[in-house]
>>> print(open('data-v2.cif').read())   # mmCIF, C-alpha atoms
data_run
#
loop_
_atom_site.label_atom_id
_atom_site.label_comp_id
_atom_site.auth_asym_id
_atom_site.auth_seq_id
_atom_site.Cartn_x
_atom_site.Cartn_y
_atom_site.Cartn_z
CA MET S 224 31.32 -16.11 36.14
CA ASN S 225 32.05 -16.68 32.45
CA GLU S 226 32.22 -14.77 29.20
CA ASP S 227 28.46 -15.12 28.53
CA TYR S 228 27.69 -13.46 31.86
CA TRP S 229 29.90 -10.45 31.14
CA LEU S 230 28.64 -10.26 27.55
CA LYS S 231 25.04 -9.97 28.75
CA ARG S 232 26.08 -7.29 31.21
CA LEU S 233 27.73 -5.47 28.32
CA VAL S 234 24.50 -5.73 26.30
CA ILE S 235 22.69 -3.82 29.07
CA LEU S 236 25.36 -1.11 29.09
CA ILE S 237 25.31 -0.77 25.31
CA SER S 238 21.54 -0.38 25.49
CA GLU S 239 21.85 2.38 28.09
CA LYS S 240 24.79 4.24 26.56
CA MET S 241 24.14 3.75 22.84
CA GLY S 242 20.51 2.70 22.58
CA LEU S 243 21.44 -0.35 20.49
CA HIS S 244 19.44 -3.52 20.95
CA PHE S 245 21.18 -6.91 20.84
CA SER S 246 18.73 -9.79 21.01
CA GLU S 247 19.79 -13.36 21.75
CA ASN S 248 20.25 -14.17 18.07
CA ARG S 249 22.66 -11.21 17.66
CA LEU S 250 24.89 -12.00 20.61
CA GLN S 251 27.35 -13.82 18.36
CA ASP S 252 27.75 -10.70 16.21
CA LEU S 253 28.49 -8.69 19.34
CA ARG S 254 30.94 -11.32 20.58
CA LYS S 255 32.90 -11.22 17.30
CA ALA S 256 33.02 -7.41 17.26
CA VAL S 257 34.21 -7.20 20.87
CA LYS S 258 36.91 -9.86 20.34
CA ILE S 259 38.33 -7.83 17.44
CA PHE S 260 38.20 -4.72 19.62
CA ALA S 261 39.98 -6.63 22.42
CA GLN S 262 42.85 -7.64 20.12
CA GLU S 263 43.21 -4.05 18.91
CA CYS S 264 43.49 -2.95 22.54
CA GLY S 265 46.16 -5.58 23.30
CA TYR S 266 43.98 -8.06 25.22
CA GLN S 267 44.54 -11.77 24.59
CA ASP S 268 41.61 -12.84 26.81
CA ALA S 269 38.27 -11.51 25.49
CA GLU S 270 36.48 -12.26 28.75
CA VAL S 271 38.88 -10.09 30.72
CA PHE S 272 38.42 -7.31 28.19
CA ILE S 273 34.61 -7.51 28.29
CA GLN S 274 34.75 -7.48 32.10
CA SER S 275 36.91 -4.35 32.01
CA LEU S 276 34.38 -2.62 29.73
CA VAL S 277 31.52 -3.48 32.07
CA GLU S 278 33.39 -2.38 35.20
CA SER S 279 34.30 0.95 33.56
CA SER S 280 30.59 1.46 32.69
CA LEU S 281 31.68 2.27 29.11
CA THR S 282 33.49 5.59 29.10
CA GLU S 283 32.68 8.17 26.42
CA GLN S 284 35.86 7.28 24.54
CA GLN S 285 35.00 3.56 24.66
CA VAL S 286 31.52 4.31 23.30
CA LYS S 287 33.04 6.30 20.41
CA THR S 288 35.48 3.51 19.59
CA LEU S 289 33.04 0.64 20.03
CA SER S 290 30.36 2.32 17.93
CA SER S 291 32.44 1.96 14.77
CA ARG S 292 32.44 -1.82 15.34
CA LEU S 293 28.75 -2.14 16.14
CA THR S 294 27.01 0.19 13.67
CA VAL S 295 26.55 -0.51 9.99
CA GLY S 296 27.52 2.26 7.58
CA GLU S 297 25.81 0.79 4.51
CA THR S 298 24.13 3.53 2.47
CA TYR S 299 24.18 5.18 -0.96
CA PHE S 300 23.07 8.33 -2.77
CA PHE S 301 19.36 8.91 -3.49
CA ARG S 302 18.34 5.93 -1.35
CA GLU S 303 14.60 5.18 -0.85
CA MET S 304 13.48 7.54 -3.58
CA LYS S 305 9.78 7.54 -2.65
CA SER S 306 10.58 9.30 0.64
CA LEU S 307 12.94 11.68 -1.14
CA GLU S 308 10.32 12.47 -3.78
CA ALA S 309 7.78 13.32 -1.07
CA PHE S 310 10.39 15.56 0.57
CA ARG S 311 11.31 17.26 -2.69
CA ASP S 312 7.91 17.62 -4.34
CA HIS S 313 5.75 18.36 -1.30
CA VAL S 314 7.73 19.36 1.78
CA LEU S 315 10.30 21.54 0.02
CA THR S 316 7.68 23.05 -2.28
CA GLU S 317 5.55 24.07 0.70
CA LEU S 318 8.47 25.36 2.75
CA THR S 319 9.95 27.45 -0.04
CA LYS S 320 6.57 29.03 -0.88
CA TYR S 321 6.14 30.09 2.72
CA ARG S 322 9.73 31.12 3.48
CA SER S 323 10.30 32.97 0.20
CA ARG S 324 7.83 35.59 1.48
CA ARG S 325 9.56 35.81 4.87
CA GLU S 326 12.93 34.78 6.27
CA ARG S 327 14.68 32.66 3.66
CA ARG S 328 15.96 30.12 6.15
CA LEU S 329 16.01 26.32 6.05
CA ARG S 330 17.41 23.84 8.59
CA VAL S 331 17.55 20.10 7.79
CA TRP S 332 19.07 17.42 10.03
CA SER S 333 20.26 13.99 8.90
CA ALA S 334 20.41 12.04 12.17
CA GLY S 335 22.48 8.90 11.69
CA CYS S 336 24.07 10.20 8.50
CA SER S 337 26.73 7.46 8.30
CA SER S 338 29.30 8.31 5.60
CA GLY S 339 27.40 11.35 4.33
CA GLU S 340 25.47 10.15 1.29
CA GLU S 341 22.09 11.20 2.73
CA PRO S 342 22.87 14.83 3.73
CA TYR S 343 24.68 15.42 0.43
CA THR S 344 21.65 14.00 -1.40
CA LEU S 345 19.43 16.46 0.47
CA SER S 346 21.73 19.32 -0.50
CA MET S 347 21.37 18.32 -4.15
CA LEU S 348 17.57 18.06 -3.93
CA ILE S 349 17.35 21.49 -2.28
CA ASP S 350 19.48 22.92 -5.09
CA GLN S 351 17.01 21.49 -7.60
CA MET S 352 13.93 22.98 -5.94
CA ILE S 353 14.91 26.42 -4.63
CA PRO S 354 15.36 29.24 -7.18
CA GLU S 355 18.20 31.61 -6.33
CA VAL S 356 19.39 29.17 -3.68
CA ARG S 357 22.45 31.32 -2.97
CA ASN S 358 20.15 33.98 -1.49
CA TRP S 359 18.93 31.54 1.17
CA ASP S 360 20.33 30.72 4.60
CA ILE S 361 20.41 26.93 4.27
CA HIS S 362 22.17 24.53 6.60
CA ILE S 363 22.15 20.74 6.58
CA TYR S 364 23.43 18.98 9.68
CA GLY S 365 24.80 15.44 9.48
CA THR S 366 25.39 13.61 12.77
CA ASP S 367 26.46 10.08 13.58
CA ILE S 368 27.98 8.03 16.39
CA ASN S 369 30.50 6.36 14.07
CA LEU S 370 33.68 8.45 13.93
CA GLN S 371 35.12 6.55 10.96
CA ALA S 372 31.97 7.14 8.94
CA LEU S 373 32.02 10.85 9.82
CA GLU S 374 35.61 11.14 8.64
CA LYS S 375 34.61 9.75 5.25
CA ALA S 376 31.58 12.06 5.14
CA ARG S 377 33.72 15.15 5.70
CA ARG S 378 36.05 14.14 2.85
CA GLY S 379 33.07 13.77 0.51
CA VAL S 380 34.85 11.37 -1.85
CA TYR S 381 33.08 8.18 -2.96
CA THR S 382 33.47 5.08 -5.12
CA ASN S 383 30.97 3.76 -7.65
CA TRP S 384 29.39 1.59 -4.93
CA SER S 385 27.82 4.75 -3.44
CA PHE S 386 26.14 5.49 -6.79
CA ARG S 387 24.33 2.21 -7.27
CA GLY S 388 20.98 4.02 -7.05
CA THR S 389 22.14 6.96 -9.17
CA SER S 390 22.29 7.47 -12.93
CA ASP S 391 25.52 8.52 -14.58
CA THR S 392 23.85 11.81 -15.52
CA LEU S 393 23.12 12.69 -11.91
CA ARG S 394 26.59 11.59 -10.82
CA ASP S 395 28.23 13.80 -13.43
CA ARG S 396 26.03 16.74 -12.45
CA TYR S 397 26.82 16.72 -8.74
CA PHE S 398 30.30 15.17 -8.55
CA GLU S 399 33.68 15.59 -10.16
CA PRO S 400 36.08 12.69 -10.87
CA VAL S 401 39.27 12.72 -8.80
CA GLY S 402 40.94 9.63 -10.27
CA GLN S 403 41.07 5.89 -9.56
CA GLY S 404 37.30 5.54 -9.92
CA MET S 405 36.63 8.08 -7.14
CA TYR S 406 34.21 11.03 -7.24
CA ALA S 407 34.11 14.13 -5.00
CA VAL S 408 31.00 16.12 -4.10
CA LYS S 409 31.15 19.50 -5.85
CA ALA S 410 31.89 22.41 -3.52
CA ARG S 411 28.54 24.18 -3.95
CA PHE S 412 26.66 21.15 -2.59
CA LYS S 413 29.24 20.37 0.07
CA ASP S 414 29.52 23.84 1.59
CA ARG S 415 26.02 23.87 3.10
CA VAL S 416 26.55 20.54 4.94
CA SER S 417 28.38 20.15 8.26
CA PHE S 418 29.12 16.95 10.20
CA SER S 419 29.30 16.35 13.95
CA TYR S 420 29.62 13.43 16.32
CA LEU S 421 26.37 12.82 18.17
CA ASN S 422 25.11 9.92 20.27
CA LEU S 423 21.33 9.93 19.90
CA ALA S 424 21.03 7.94 23.12
CA THR S 425 22.73 10.38 25.47
CA ASP S 426 23.98 13.62 23.92
CA ASP S 427 22.33 17.01 24.28
CA TYR S 428 21.12 17.73 20.75
CA PRO S 429 20.94 21.57 20.76
CA SER S 430 24.52 21.96 22.02
CA VAL S 431 25.80 19.82 19.14
CA LEU S 432 23.49 21.22 16.46
CA ASN S 433 23.56 24.82 17.72
CA THR S 434 19.82 25.19 17.08
CA GLN S 435 16.46 23.96 18.37
CA GLU S 436 14.49 24.93 15.26
CA MET S 437 14.73 22.17 12.68
CA ASP S 438 12.41 22.29 9.69
CA VAL S 439 12.98 18.66 8.64
CA ILE S 440 14.64 15.72 10.39
CA PHE S 441 15.70 12.62 8.47
CA CYS S 442 16.35 9.56 10.63
CA ARG S 443 16.20 6.58 8.30
CA ASN S 444 17.34 3.02 9.02
CA VAL S 445 18.62 4.05 12.45
CA MET S 446 15.88 3.42 15.00
CA MET S 447 15.41 -0.15 13.80
CA TYR S 448 18.53 -0.97 15.83
CA PHE S 449 17.30 0.77 19.02
CA THR S 450 15.51 -0.64 22.02
CA PRO S 451 11.79 0.29 22.26
CA GLN S 452 12.53 2.59 25.22
CA MET S 453 15.26 4.40 23.31
CA ILE S 454 13.02 4.77 20.25
CA ARG S 455 10.39 6.55 22.34
CA ARG S 456 13.00 8.84 23.92
CA VAL S 457 14.59 9.79 20.59
CA ILE S 458 11.22 10.45 18.92
CA GLN S 459 10.20 12.74 21.79
CA ARG S 460 13.43 14.70 21.34
CA PHE S 461 12.91 14.98 17.61
CA TYR S 462 9.42 16.35 18.25
CA ARG S 463 10.80 18.95 20.65
CA TYR S 464 13.48 20.21 18.26
CA LEU S 465 11.23 20.59 15.20
CA VAL S 466 9.49 23.88 14.47
CA GLU S 467 5.70 23.80 14.52
CA GLY S 468 4.67 22.14 11.28
CA GLY S 469 8.12 20.53 10.88
CA TRP S 470 8.62 17.09 9.38
CA LEU S 471 10.20 13.82 10.52
CA ILE S 472 11.11 11.32 7.80
CA VAL S 473 11.95 7.72 8.70
CA ALA S 474 12.52 4.57 6.63
CA PRO S 475 9.47 2.62 5.39
CA SER S 476 10.37 -0.25 7.74
CA GLU S 477 10.35 2.12 10.73
CA THR S 478 6.90 3.69 10.35
CA LEU S 479 5.44 1.58 13.15
CA THR S 480 7.82 3.21 15.65
CA LEU S 481 5.81 6.45 15.29
CA LEU S 482 2.38 4.97 15.99
CA SER S 483 2.04 6.12 19.60
CA SER S 484 3.93 9.39 19.15
CA GLU S 485 2.63 12.97 18.97
CA PHE S 486 3.37 13.18 15.25
CA SER S 487 0.62 13.15 12.64
CA ALA S 488 1.08 10.68 9.79
CA VAL S 489 0.79 12.08 6.25
CA PRO S 490 0.73 9.34 3.59
CA PHE S 491 2.10 9.95 0.11
CA GLU S 492 2.53 7.53 -2.76
CA GLY S 493 4.94 4.89 -1.47
CA ALA S 494 5.91 6.80 1.67
CA ILE S 495 4.57 8.01 5.01
CA LEU S 496 5.96 11.24 6.45
CA TYR S 497 5.32 12.57 9.96
CA ARG S 498 4.43 16.11 10.89
CA LYS S 499 4.52 18.08 14.14
CA GLY S 500 1.29 19.93 14.82
CA ASN S 501 -2.43 19.51 14.27
CA LEU S 502 -3.01 19.05 10.56
CA GLY S 503 -6.57 20.33 10.93
CA GLN S 504 -5.46 23.63 12.46
CA PRO S 505 -3.34 26.09 10.48
CA VAL S 506 -0.56 27.60 12.55
CA ASP S 507 1.21 30.91 12.17
CA LYS S 508 4.62 29.50 11.24
CA VAL S 509 3.29 27.12 8.58
CA ASP S 510 1.92 27.83 5.14
CA PRO S 511 -1.92 27.66 5.11
CA VAL S 512 -1.62 24.79 2.63
CA VAL S 513 -1.58 22.41 5.62
CA ALA S 514 -5.28 23.02 6.18
CA THR S 515 -6.02 20.79 3.19
CA ALA S 516 -4.14 17.88 4.74
CA ALA S 517 -6.95 17.19 7.21
CA ASP S 518 -8.97 15.77 4.33
CA SER S 519 -6.50 12.90 3.94
CA PHE S 520 -7.51 11.55 7.35
CA LEU S 521 -11.15 11.06 6.43
CA PRO S 522 -12.38 7.76 4.93
CA GLN S 523 -12.10 7.81 1.14
CA PRO S 524 -12.81 5.26 -1.59
CA SER S 525 -9.13 5.18 -2.57
CA ILE S 526 -6.54 6.64 -0.24
CA TRP S 527 -3.50 6.89 -2.52
CA PRO S 528 -4.80 8.97 -5.46
CA GLU S 529 -6.19 11.59 -3.08
CA THR S 530 -3.27 11.94 -0.68
CA THR S 531 -0.61 12.27 -3.34
CA GLN S 532 -2.19 15.61 -4.31
CA VAL S 533 -2.70 16.99 -0.81
CA PHE S 534 -0.07 19.74 -1.05
CA THR S 535 -0.42 20.80 -4.67
CA ALA S 536 -2.58 23.86 -4.08
CA VAL S 537 -2.55 26.63 -1.50
CA ALA S 538 -5.70 26.74 0.61
CA PRO S 539 -7.01 30.00 2.09
CA VAL S 540 -6.62 30.72 5.79
CA VAL S 541 -9.74 29.46 7.56
CA PRO S 542 -10.79 29.29 11.20
CA SER S 543 -9.60 26.18 13.03
CA ILE S 544 -12.02 23.33 12.41
CA GLU S 545 -11.76 19.88 13.95
CA PRO S 546 -12.37 17.17 11.34
CA PRO S 547 -15.43 15.07 12.08
CA THR S 548 -14.85 11.93 14.13
CA PRO S 549 -15.11 8.79 11.96
CA THR S 550 -17.91 6.40 12.88
CA HIS S 551 -17.48 2.73 13.72
CA GLU S 552 -18.53 1.91 10.15
CA ASP S 553 -15.81 4.22 8.81
CA ASN S 554 -13.26 2.46 11.01
CA LEU S 555 -14.43 -0.93 9.83
CA ARG S 556 -13.96 0.06 6.19
CA LEU S 557 -10.45 1.38 6.94
CA TYR S 558 -9.60 -1.83 8.77
CA GLU S 559 -10.82 -4.00 5.89
CA LYS S 560 -8.70 -1.97 3.45
CA ALA S 561 -5.69 -2.31 5.75
CA LEU S 562 -6.26 -6.06 6.00
CA ALA S 563 -6.39 -6.35 2.20
CA ALA S 564 -3.17 -4.33 1.92
CA TYR S 565 -1.55 -6.59 4.53
CA HIS S 566 -2.50 -9.76 2.64
CA GLY S 567 -1.11 -8.15 -0.52
CA GLY S 568 2.22 -7.52 1.21
CA ARG S 569 1.75 -3.71 1.07
CA TYR S 570 2.75 -3.08 4.66
CA THR S 571 3.38 0.67 4.35
CA GLU S 572 -0.11 1.19 2.95
CA ALA S 573 -1.62 -1.05 5.64
CA VAL S 574 0.05 0.95 8.41
CA ALA S 575 -1.13 4.26 6.92
CA LEU S 576 -4.73 3.02 6.89
CA LEU S 577 -4.54 1.66 10.44
CA GLN S 578 -3.22 5.01 11.67
CA MET S 579 -6.38 6.70 10.39
CA ILE S 580 -8.67 4.58 12.55
CA CYS S 581 -10.15 6.63 15.39
CA PRO S 582 -10.35 4.68 18.68
CA GLU S 583 -12.93 7.06 20.16
CA SER S 584 -15.75 6.22 17.77
CA GLY S 585 -18.43 3.57 18.20
CA TYR S 586 -19.99 1.99 21.26
CA LYS S 587 -17.68 0.63 23.93
CA LYS S 588 -17.99 -3.00 22.81
CA THR S 589 -17.26 -2.29 19.13
CA ARG S 590 -14.51 0.17 20.06
CA VAL S 591 -12.75 -2.49 22.13
CA GLU S 592 -12.96 -4.99 19.27
CA THR S 593 -11.66 -2.39 16.78
CA GLU S 594 -8.68 -1.41 18.94
CA GLY S 595 -7.84 -5.06 19.60
CA ASN S 596 -7.94 -5.96 15.91
CA VAL S 597 -5.85 -2.93 14.93
CA SER S 598 -3.17 -3.84 17.48
CA ALA S 599 -3.21 -7.48 16.37
CA LEU S 600 -2.76 -6.52 12.71
CA MET S 601 0.13 -4.24 13.68
CA ALA S 602 1.65 -7.23 15.46
CA ARG S 603 1.32 -9.38 12.31
CA ILE S 604 3.01 -6.72 10.16
CA LEU S 605 5.87 -6.37 12.63
CA ALA S 606 6.29 -10.12 12.92
CA ASN S 607 6.45 -10.51 9.14
CA GLN S 608 9.16 -7.84 9.06
CA GLY S 609 11.16 -9.70 11.69
CA ASN S 610 10.57 -7.18 14.50
CA LEU S 611 9.47 -9.83 16.97
CA ASP S 612 9.98 -7.85 20.19
CA GLN S 613 7.73 -5.03 18.97
CA ALA S 614 5.25 -7.58 17.60
CA VAL S 615 4.93 -9.05 21.10
CA GLU S 616 4.25 -5.57 22.52
CA TRP S 617 1.43 -5.00 20.02
CA CYS S 618 0.00 -8.43 20.74
CA GLU S 619 -0.11 -7.59 24.41
CA LYS S 620 -1.90 -4.34 23.58
CA ALA S 621 -4.48 -6.34 21.61
CA ILE S 622 -5.03 -8.69 24.55
CA THR S 623 -5.37 -5.75 26.96
CA LYS S 624 -8.05 -4.18 24.75
CA ASP S 625 -9.98 -7.39 24.05
CA LYS S 626 -9.19 -9.85 26.84
CA ILE S 627 -11.55 -12.64 25.78
CA ASN S 628 -10.46 -12.81 22.14
CA ALA S 629 -8.62 -16.14 21.81
CA ASN S 630 -7.17 -15.18 18.41
CA HIS S 631 -4.97 -12.50 19.99
CA ARG S 632 -3.55 -14.98 22.48
CA PHE S 633 -2.97 -17.54 19.74
CA LEU S 634 -1.10 -14.92 17.67
CA LEU S 635 1.07 -14.09 20.67
CA ALA S 636 1.89 -17.78 21.10
CA ILE S 637 2.92 -18.09 17.45
CA ILE S 638 5.22 -15.06 17.69
CA LEU S 639 6.78 -16.32 20.92
#
>>> encode(input="data-v2.cif", output="structure tokens")
Amino acid sequence: MNEDYWLKRLVILISEKMGLHFSENRLQDLRKAVKIFAQECGYQDAEVFIQSLVESSLTEQQVKTLSSRLTVGETYFFREMKSLEAFRDHVLTELTKYRSRRERRLRVWSAGCSSGEEPYTLSMLIDQMIPEVRNWDIHIYGTDINLQALEKARRGVYTNWSFRGTSDTLRDRYFEPVGQGMYAVKARFKDRVSFSYLNLATDDYPSVLNTQEMDVIFCRNVMMYFTPQMIRRVIQRFYRYLVEGGWLIVAPSETLTLLSSEFSAVPFEGAILYRKGNLGQPVDKVDPVVATAADSFLPQPSIWPETTQVFTAVAPVVPSIEPPTPTHEDNLRLYEKALAAYHGGRYTEAVALLQMICPESGYKKTRVETEGNVSALMARILANQGNLDQAVEWCEKAITKDKINANHRFLLAIIL
């Protein structure tokens, strides 16, 4: 046996215990990180150290220590503003209208919060949008597997590098200088945020978060590092811990991970958010405004102008009505729009359109062709984004749906 053998065994363990995916082209990164870890632990021989990790099956303490070497803590304030604008202008507006008439309670979770920039950003956005915010019971949870990042998050002190997406005006409004080019989050925004260690792959979420009723979960630029199996498991847990009508917000590059989940996709300008519950059926816990969202899933001449206004007006409570099933012709138009968006490099828009295609419409032959083409286009988008493993999965779905289509097999060969 040699070092490569033990390293591959370690990859399997890391996948099981941390959910992280290390493909062949990332093995060198893992090797470097583990060698540094070995030296810190007093091992001169990296192979012996890797073997000891494998034989111990990665203890909880080893996972905590190793995670700081394997996870990237690169983030900044007000990152990916399109998603944040959708959260602020639509999600928060809807939630505050509903909750202001009832229990003034709000629970937001930043899963994979790194060094804290995201949950503090959310605290600042909430402060902007909720009148008399001090009269609300608001809690923002930040969790991460990286103990070093959590330590920095709790301190709440940052350098200018964390403000590279922030204007000086915003920085001065929410932070106070503490010398040597450092800025501290002001107490009023910091007090409603708490930080905890949490391993999304294995830990019991409610025991760490002390609640099973989240209104909004942010998990951005986290699942892109997970194995496909772990992604499915984490998404199922998120779904379980959201209130009915709650929202999941992921990074634009991670929208494809939600395709086969129970969440409903709600496209906004430049962002896709995901909601728990049937958008066509108002539910007791959610403001009746959601009834209008069903319209965004019907074929329209131009998807973006319509959907950006979905939540601007409150709709009356109406009996539950299932939206009509799109026809094969409707699906074809959606597919052609998605294809045009793909060729224009607008992958987020292409995914949103593909998610609106109904596989149940049309005769069996045309339905099979539609599902095969949708899966194949998903594979192309994933491949162009560098997610080759997921691209292969979608190619295989396309082949399963439309077995005699040579184009799907040719695409699979190219990706391989």
>>> closest_residue(input="data-v2.cif", among="S:Arg443, S:Arg302, S:Arg325, S:Arg377", to="Ala474 in chain S", atoms="only C-alpha atoms")
S:Arg443
>>> residues_around(input="data-v2.cif", residues="range 609-613 of chain S", least_positions_apart="2", cutoff="12 Å", atoms="only C-alpha atoms", output="ChimeraX atom specification")
/S:244-248,446-452,454,476-477,479-480,482,598-599,601-607,615-620,634-639
>>> residues_around(input="data-v2.cif", residues="range 232-240 of chain S", least_positions_apart="4", cutoff="9 Å", atoms="only C-alpha atoms", output="ChimeraX atom specification")
/S:227-228,244-246,250,253,273-274,276-277,280-281,283,286,422,424-425,449-450,453
>>> atom_distance(input="data-v2.cif", atom1="CA of Ser419 in chain S", atom2="CA of Thr366 in chain S")
4.9 Å
>>> closest_residue(input="data-v2.cif", among="S:Thr434, S:Tyr406, S:Met241, S:Asn554", to="Leu289 in chain S", atoms="all atoms listed in the file")
S:Met241
>>> atom_distance(input="data-v2.cif", atom1="CA of Gly567 in chain S", atom2="CA of Glu492 in chain S")
16.3 Å
>>> resolve_selection(input="data-v2.cif", expression="the PyMOL selection byres ((chain S and resi 595-597) around 7)", output="list of chain:residue names")
S:Leu577, S:Val591, S:Glu592, S:Thr593, S:Glu594, S:Ser598, S:Ala599, S:Leu600, S:Met601, S:Ala621, S:Ile622, S:Lys624, S:Asp625
>>> decode(input="data-v2.cif", residues="range 255-274 of chain S", atoms="N, CA and C atoms", output="PDB file, in the first residue's frame")
ATOM      1  N   LYS S 255      -1.862  18.369  -0.171  1.00  0.00           N
ATOM      2  CA  LYS S 255      -1.117  19.488   0.425  1.00  0.00           C
ATOM      3  C   LYS S 255      -1.694  19.850   1.794  1.00  0.00           C
ATOM      4  N   ALA S 256      -3.029  19.909   1.886  1.00  0.00           N
ATOM      5  CA  ALA S 256      -3.671  20.287   3.143  1.00  0.00           C
ATOM      6  C   ALA S 256      -3.377  19.272   4.242  1.00  0.00           C
ATOM      7  N   VAL S 257      -3.418  17.990   3.886  1.00  0.00           N
ATOM      8  CA  VAL S 257      -3.184  16.942   4.877  1.00  0.00           C
ATOM      9  C   VAL S 257      -1.724  16.921   5.321  1.00  0.00           C
ATOM     10  N   LYS S 258      -0.793  17.208   4.413  1.00  0.00           N
ATOM     11  CA  LYS S 258       0.632  17.231   4.780  1.00  0.00           C
ATOM     12  C   LYS S 258       0.919  18.347   5.779  1.00  0.00           C
ATOM     13  N   ILE S 259       0.276  19.506   5.573  1.00  0.00           N
ATOM     14  CA  ILE S 259       0.427  20.605   6.536  1.00  0.00           C
ATOM     15  C   ILE S 259      -0.148  20.198   7.892  1.00  0.00           C
ATOM     16  N   PHE S 260      -1.315  19.552   7.849  1.00  0.00           N
ATOM     17  CA  PHE S 260      -1.962  19.077   9.067  1.00  0.00           C
ATOM     18  C   PHE S 260      -1.069  18.056   9.780  1.00  0.00           C
ATOM     19  N   ALA S 261      -0.410  17.186   8.997  1.00  0.00           N
ATOM     20  CA  ALA S 261       0.467  16.163   9.578  1.00  0.00           C
ATOM     21  C   ALA S 261       1.640  16.797  10.319  1.00  0.00           C
ATOM     22  N   GLN S 262       2.245  17.818   9.709  1.00  0.00           N
ATOM     23  CA  GLN S 262       3.369  18.511  10.354  1.00  0.00           C
ATOM     24  C   GLN S 262       2.936  19.188  11.646  1.00  0.00           C
ATOM     25  N   GLU S 263       1.725  19.782  11.623  1.00  0.00           N
ATOM     26  CA  GLU S 263       1.213  20.437  12.828  1.00  0.00           C
ATOM     27  C   GLU S 263       0.975  19.427  13.950  1.00  0.00           C
ATOM     28  N   CYS S 264       0.676  18.185  13.568  1.00  0.00           N
ATOM     29  CA  CYS S 264       0.428  17.140  14.565  1.00  0.00           C
ATOM     30  C   CYS S 264       1.703  16.361  14.923  1.00  0.00           C
ATOM     31  N   GLY S 265       2.855  16.790  14.377  1.00  0.00           N
ATOM     32  CA  GLY S 265       4.125  16.172  14.740  1.00  0.00           C
ATOM     33  C   GLY S 265       4.512  14.954  13.934  1.00  0.00           C
ATOM     34  N   TYR S 266       3.841  14.731  12.801  1.00  0.00           N
ATOM     35  CA  TYR S 266       4.164  13.583  11.940  1.00  0.00           C
ATOM     36  C   TYR S 266       5.153  14.018  10.857  1.00  0.00           C
ATOM     37  N   GLN S 267       6.230  13.268  10.693  1.00  0.00           N
ATOM     38  CA  GLN S 267       7.182  13.527   9.620  1.00  0.00           C
ATOM     39  C   GLN S 267       6.769  12.811   8.333  1.00  0.00           C
ATOM     40  N   ASP S 268       6.100  11.666   8.484  1.00  0.00           N
ATOM     41  CA  ASP S 268       5.680  10.843   7.341  1.00  0.00           C
ATOM     42  C   ASP S 268       4.190  11.072   7.092  1.00  0.00           C
ATOM     43  N   ALA S 269       3.842  11.723   5.982  1.00  0.00           N
ATOM     44  CA  ALA S 269       2.442  12.030   5.684  1.00  0.00           C
ATOM     45  C   ALA S 269       1.620  10.772   5.475  1.00  0.00           C
ATOM     46  N   GLU S 270       2.228   9.753   4.874  1.00  0.00           N
ATOM     47  CA  GLU S 270       1.484   8.512   4.629  1.00  0.00           C
ATOM     48  C   GLU S 270       1.046   7.863   5.934  1.00  0.00           C
ATOM     49  N   VAL S 271       1.927   7.852   6.902  1.00  0.00           N
ATOM     50  CA  VAL S 271       1.584   7.278   8.209  1.00  0.00           C
ATOM     51  C   VAL S 271       0.447   8.075   8.849  1.00  0.00           C
ATOM     52  N   PHE S 272       0.500   9.385   8.703  1.00  0.00           N
ATOM     53  CA  PHE S 272      -0.531  10.240   9.275  1.00  0.00           C
ATOM     54  C   PHE S 272      -1.882   9.997   8.599  1.00  0.00           C
ATOM     55  N   ILE S 273      -1.882   9.935   7.266  1.00  0.00           N
ATOM     56  CA  ILE S 273      -3.128   9.687   6.534  1.00  0.00           C
ATOM     57  C   ILE S 273      -3.703   8.329   6.926  1.00  0.00           C
ATOM     58  N   GLN S 274      -2.831   7.329   7.061  1.00  0.00           N
ATOM     59  CA  GLN S 274      -3.282   6.000   7.473  1.00  0.00           C
ATOM     60  C   GLN S 274      -3.923   6.050   8.863  1.00  0.00           C
TER      61      GLN S 274
END
